Amino acid sequence: MSAGHDSMRIFFEPRSIAVIGASRDRGKIGSAVLRNILSGGYLGKVFPVNPAGGEVEGLRAYRSIAEIGEPVDVACITIPSRFVYDAVAQCADRGVRYGIIITAGFSEIGNLEEERKIADYAQVRGMRILGPNVFGVYSASSRMNATFVSGDIPSGHLAMITQSGALGLTLIGQATVENIGLSAIVSVGNKADIDEGDLLQYLFKHEETRMILMYIEGIRDGEKFIRIIKQGSRMKPVVVIKSGRSKRGAMAAASHTGALAGSDEVFDDIVKQCGVLRAESTKEAFNWCKFIADNPLPAGERTVIITNGGGAGVMATDACEKYDVRLYDDQDSLKKIFAPVTPEIGSTKNPIDITGQAASGDYTRAFDAALNDENIDTVIGVYCETALVKDSDLDAAVEKNFLKYRKKGKVIIFSLFGGPGTAGYESSARKRGIPVTDDVYEAVSTLGAMYRYKRYLNDPPEDPFETDIDLSPIEAIVAGARADGRHFLLPPEAQGFMNLAGIATPKSIHAKSIDSAIHAARDLGYPVVMKIISRDILHKSDVGGVALNLENDGEVIDAYGAILRNCRTASPRAVLEGVSVSEMVRPDIELIIGARIDPSFGPLVMVGLGGTYVEVMKDVSFRSVPLDRREILSMIKQIHCYPLLLGVRGEKMRDLDAVVDSIAKLATIIRRCRVISDIEINPLVVYEQRLGVKAVDVRIILKKT
């Protein structure tokens with residue numbers, strides 16, 4: 001990561017900036033960028049570039065970048081799109097290190113060819129490009145405001161990366177309102193070259209940055225992004241807002257895994273795997289960023305709610321369950337701590353209800369009791385406006401207690417219910433950095449985010465869990481299929497593939513006639529399953545190419561004829577190569593496991609409830625590869641059907657280790673054998689402990705190119 005940090009340092013801390021398109025017309029973007037650079041206090045050299053020459057904002061204007069007789073680290077390009085290529089070419093030839101293309105009119109409107117031409121020319125000559133279609137870059141370290149943002153940008157400790165320029169401008173405004181200072185903000189735009197991963201390498205090492213907030217619409221190089229953010233999020237917290245929660249999957253995907261992987265849940269699972277906190281809204285994101293950046297991580301997870309309202313306490317309790325904030329439940333200890341500061345009509349059972357008669361001093365005594373007890377780590381203070389606590393008393397009830405907690409290194413957060421006076425206090429307190437909100441769910445959501453991050457830090461990474469598989473014979477099977485012009489494996493090939501990987505499959509025999517099918521069934525022992533074998537038919541069930549639970553010779557004869565008729569009707573041109581006759585496996589818990597090369601994130605694995613209705617139920621989870629054993633277990637525990645594996649109603653626990661090992665094998669193959677695009681086992685039948693698993697139906701898709 002250090003190499004990436006050093007390579008981007010000049011981008012964020014340039015010694016000189018050229019503004020190409022610097023204008024005397026104050027209505028132009030080039031004028032706004034130049035004025036912001038100058039008024040922001042940038043200490044490096046500034047070179048306005050304007051074909052007319054003369055002066056702009058009191059500085060000599062150069063007719064071209066070539067006229068500048070000194071080194072230029074960064075060039076801000078604000079000219080019309082038709083002139084951008086020539087300007088970039090001149091900058092690259094001149095040795096400019098970085099180009100910030102503020103100009104729009106490229107891939108966002110379909111002009112991808114011109115954008116690629118610009119990026120390619122710069123890349124060959126060692127020049128990096130940000131954009132096109134960005135609002136610029138702000139860096140507090142160099143006092144550089146190379147944006148067209150209106151007004152001053154407050155400096156501080158939050159860095160922001162945004163793919164949307166318009167939303168980025170809004171984020172700056174919201175940060176100002178919330179009194180949140182920024183260490184850097186970058187608009188990445190079309191990401192023709194520089195992307196989030198490049199910027200993160202610098203920001204994770206940047207001392208002034210305590211938190212990173214990102215707005216993402218899509219990831220271009222997912223493997224790079226995951227590698228960088230997985231390592232860096234252990235250095236400092238990252239909050240992400242992502243748009244596009246579409247439920248439409250990859251409609252033409254060749255496997256359930258592919259279809260399900262097209263959903264937003266994949267992004268959600270993978271960023272959680274990397275320790276990233278995903279927010280639902282900009283308000284939630286700013287709440288999290290401000291709170292986590294300004295407060296210590298709690299020592300433990302023993303949380304108490306202190307309130308003067310029973311209903312508000314119940315709401316806070318519900319919120320804690322929703323956001324996985326763990327309440328302290330030792331009733332004897334709670335009574336000992338809080339009985340001296342709680343009225344007889346109150347409650348010490350957590351929520352601690354000090355009742356509606358509580359004044360600000362009663363709050364302070366309850367807060368002090370929690371502050372001074374080593375068994376309590378975090379406090380949620382919930383206040384309901386009453387006649388006994390005036391607006392003027394809120395300062396004593398809230399701010400003074402917050403300062404005491406911060407001094408002692410403990411965490412407290414407040415939710416205030418009330419009228420105009422309470423709302424006014426809340427607004428002013430937030431600007432002073434006090435964690436208050438008028439919604440208890442917002443407060444607990446913020447605390448939950450802090451705890452999720454703490455758990456991630458407390459769960460150190462392990463070595464990737466990969467299995468020792470000889471890929472040579474597997475690659476030989478794949479090569480044979482590709483030589484045959486196919487992009488998927490036939491059932492006998494897929495079964496051989498699984499056996500080589502060490503995943504058990506049902507005994508199976510390839511039969512090319514009715515007689516051979518009968519002999520196969522007798523050899524295997526009834527009941528049996530029969531499935532069509534055809535290089536032209538991938539989804540066998542969809543064309544009536546499967547028959548289950550065949551009990552005797554007569555049923556085998558009938559099924560053989562029916563399968564061939566069905567397939568010839570559904571796919572008249574398909575080449576039918578016989579059927580596979582397989583043992584009918586003993587039923588048990590059915591899962592689906594899979595692995596694929598995702599277009600955005602690279603190799604990933606999935607697990608979920610298996611069977612016919614997998615795409616309907618969508619009880620699945622995903623993880624990026626490589627991953628460790630703990631991460632495989634976490635993805636299994638995430639699915640709703642996980643309790644079935646533990647045994648219900650007196651059943652025995654299923655062979656969870658065999659499931660973990662099977663997923664690890666798929667992860668190893670999909671990572672190391674990139675000619676494969678999808679592997680799917682559905683169902684994977686899971687038996688009792690030490691009895692293993694069996695891959696009943698296997699689908700393996702190869703890359704087409």
# chains A, B, ... in the order shown; residues from 1 in each chain; ligands from 1
>>> residues_around(residues="region 535-544 of chain A", least_positions_apart="2", cutoff="6 Å", atoms="only C-alpha atoms", output="ChimeraX atom specification")
/A:546,566-567,570,574
>>> residues_around(residues="Asp73 (chain A)", least_positions_apart="2", cutoff="8 Å", atoms="only C-alpha atoms", output="PyMOL selection string")
chain A and resi 10-11+14-17+71+75+96-98
>>> write_last_selection(atoms="N, CA and C atoms", output="compact mmCIF listing (two decimals), in the first residue's frame")
# COMPACT_ATOMS: atom_id res chain seq x y z
N ILE A 10 1.80 13.36 -4.79
CA ILE A 10 1.91 14.57 -5.61
C ILE A 10 0.54 15.03 -6.09
N PHE A 11 -0.37 14.08 -6.31
CA PHE A 11 -1.72 14.42 -6.73
C PHE A 11 -2.42 15.26 -5.66
N PRO A 14 0.44 18.78 -4.61
CA PRO A 14 1.28 19.23 -5.74
C PRO A 14 2.07 20.49 -5.39
N ARG A 15 3.20 20.61 -6.06
CA ARG A 15 4.01 21.81 -5.89
C ARG A 15 3.61 22.90 -6.87
N SER A 16 2.91 22.51 -7.93
CA SER A 16 2.49 23.50 -8.92
C SER A 16 1.24 23.00 -9.63
N ILE A 17 0.38 23.96 -10.02
CA ILE A 17 -0.89 23.64 -10.68
C ILE A 17 -1.06 24.56 -11.89
N PRO A 71 8.41 22.98 -13.97
CA PRO A 71 7.66 21.72 -13.84
C PRO A 71 6.22 21.98 -13.40
N ALA A 75 -2.49 19.46 -13.75
CA ALA A 75 -3.18 20.36 -14.68
C ALA A 75 -4.68 20.16 -14.53
N VAL A 96 3.65 16.61 -17.44
CA VAL A 96 2.73 16.85 -16.33
C VAL A 96 2.37 15.51 -15.68
N ARG A 97 2.36 15.47 -14.35
CA ARG A 97 2.16 14.20 -13.65
C ARG A 97 0.69 13.77 -13.62
N TYR A 98 -0.20 14.73 -13.36
CA TYR A 98 -1.61 14.41 -13.19
C TYR A 98 -2.49 15.41 -13.94
>>> select_by_dssp(residues="region 276-364 of chain A", states="alpha helix (DSSP H)", output="PyMOL selection string")
chain A and resi 282-294+310-322+331-338+360-364
>>> write_last_selection(atoms="C-alpha atoms", output="PDB file, in the first residue's frame")
ATOM      1  CA  THR A 282     -26.277  10.845   3.568  1.00  0.00           C
ATOM      2  CA  LYS A 283     -27.716  11.855   6.959  1.00  0.00           C
ATOM      3  CA  GLU A 284     -26.948   8.447   8.429  1.00  0.00           C
ATOM      4  CA  ALA A 285     -23.477   8.491   6.875  1.00  0.00           C
ATOM      5  CA  PHE A 286     -22.622  11.874   8.410  1.00  0.00           C
ATOM      6  CA  ASN A 287     -23.976  10.778  11.799  1.00  0.00           C
ATOM      7  CA  TRP A 288     -21.699   7.745  11.738  1.00  0.00           C
ATOM      8  CA  CYS A 289     -18.647   9.613  10.464  1.00  0.00           C
ATOM      9  CA  LYS A 290     -18.883  12.412  12.992  1.00  0.00           C
ATOM     10  CA  PHE A 291     -19.503  10.098  15.944  1.00  0.00           C
ATOM     11  CA  ILE A 292     -16.848   7.499  15.155  1.00  0.00           C
ATOM     12  CA  ALA A 293     -14.216  10.106  14.289  1.00  0.00           C
ATOM     13  CA  ASP A 294     -14.777  12.123  17.469  1.00  0.00           C
ATOM     14  CA  GLY A 310     -40.842   4.415  29.702  1.00  0.00           C
ATOM     15  CA  GLY A 311     -42.099   4.471  26.109  1.00  0.00           C
ATOM     16  CA  ALA A 312     -38.949   6.141  24.840  1.00  0.00           C
ATOM     17  CA  GLY A 313     -36.907   3.502  26.667  1.00  0.00           C
ATOM     18  CA  VAL A 314     -38.843   0.727  24.943  1.00  0.00           C
ATOM     19  CA  MET A 315     -38.198   2.371  21.557  1.00  0.00           C
ATOM     20  CA  ALA A 316     -34.500   2.544  22.378  1.00  0.00           C
ATOM     21  CA  THR A 317     -34.543  -1.147  23.348  1.00  0.00           C
ATOM     22  CA  ASP A 318     -36.180  -2.078  20.033  1.00  0.00           C
ATOM     23  CA  ALA A 319     -33.577  -0.016  18.200  1.00  0.00           C
ATOM     24  CA  CYS A 320     -30.765  -1.800  20.055  1.00  0.00           C
ATOM     25  CA  GLU A 321     -32.087  -5.168  18.899  1.00  0.00           C
ATOM     26  CA  LYS A 322     -32.415  -3.911  15.317  1.00  0.00           C
ATOM     27  CA  GLN A 331     -29.871  -7.507  36.966  1.00  0.00           C
ATOM     28  CA  ASP A 332     -28.097  -7.743  40.325  1.00  0.00           C
ATOM     29  CA  SER A 333     -25.279  -5.515  39.119  1.00  0.00           C
ATOM     30  CA  LEU A 334     -27.691  -3.026  37.519  1.00  0.00           C
ATOM     31  CA  LYS A 335     -29.702  -2.762  40.733  1.00  0.00           C
ATOM     32  CA  LYS A 336     -26.548  -2.198  42.779  1.00  0.00           C
ATOM     33  CA  ILE A 337     -25.337   0.534  40.388  1.00  0.00           C
ATOM     34  CA  PHE A 338     -28.586   2.409  39.783  1.00  0.00           C
ATOM     35  CA  SER A 360     -31.122  17.561  35.062  1.00  0.00           C
ATOM     36  CA  GLY A 361     -29.382  16.686  38.325  1.00  0.00           C
ATOM     37  CA  ASP A 362     -31.075  13.285  38.368  1.00  0.00           C
ATOM     38  CA  TYR A 363     -29.757  12.603  34.879  1.00  0.00           C
ATOM     39  CA  THR A 364     -26.270  13.591  35.981  1.00  0.00           C
TER      40      THR A 364
END
>>> select_by_dssp(residues="region 113-163 of chain A", states="strand (DSSP E or B)", output="ChimeraX atom specification")
/A:128-130,136-139,144-147,155-162
>>> residues_around(residues="Gly525 (chain A)", least_positions_apart="4", cutoff="9 Å", atoms="only C-alpha atoms", output="PyMOL selection string")
chain A and resi 520-521+583-584
>>> write_last_selection(atoms="N, CA and C atoms", output="PDB file, in the first residue's frame")
ATOM      1  N   ALA A 520     -27.524 -50.192 -16.236  1.00  0.00           N
ATOM      2  CA  ALA A 520     -26.932 -49.219 -15.318  1.00  0.00           C
ATOM      3  C   ALA A 520     -27.755 -49.114 -14.039  1.00  0.00           C
ATOM      4  N   ALA A 521     -29.080 -49.070 -14.204  1.00  0.00           N
ATOM      5  CA  ALA A 521     -29.955 -48.958 -13.036  1.00  0.00           C
ATOM      6  C   ALA A 521     -29.826 -50.175 -12.134  1.00  0.00           C
ATOM      7  N   GLU A 583     -27.504 -42.974  -8.890  1.00  0.00           N
ATOM      8  CA  GLU A 583     -28.178 -43.419  -7.675  1.00  0.00           C
ATOM      9  C   GLU A 583     -29.063 -42.302  -7.138  1.00  0.00           C
ATOM     10  N   MET A 584     -30.183 -42.652  -6.587  1.00  0.00           N
ATOM     11  CA  MET A 584     -31.072 -41.688  -5.933  1.00  0.00           C
ATOM     12  C   MET A 584     -30.542 -41.473  -4.520  1.00  0.00           C
TER      13      MET A 584
END
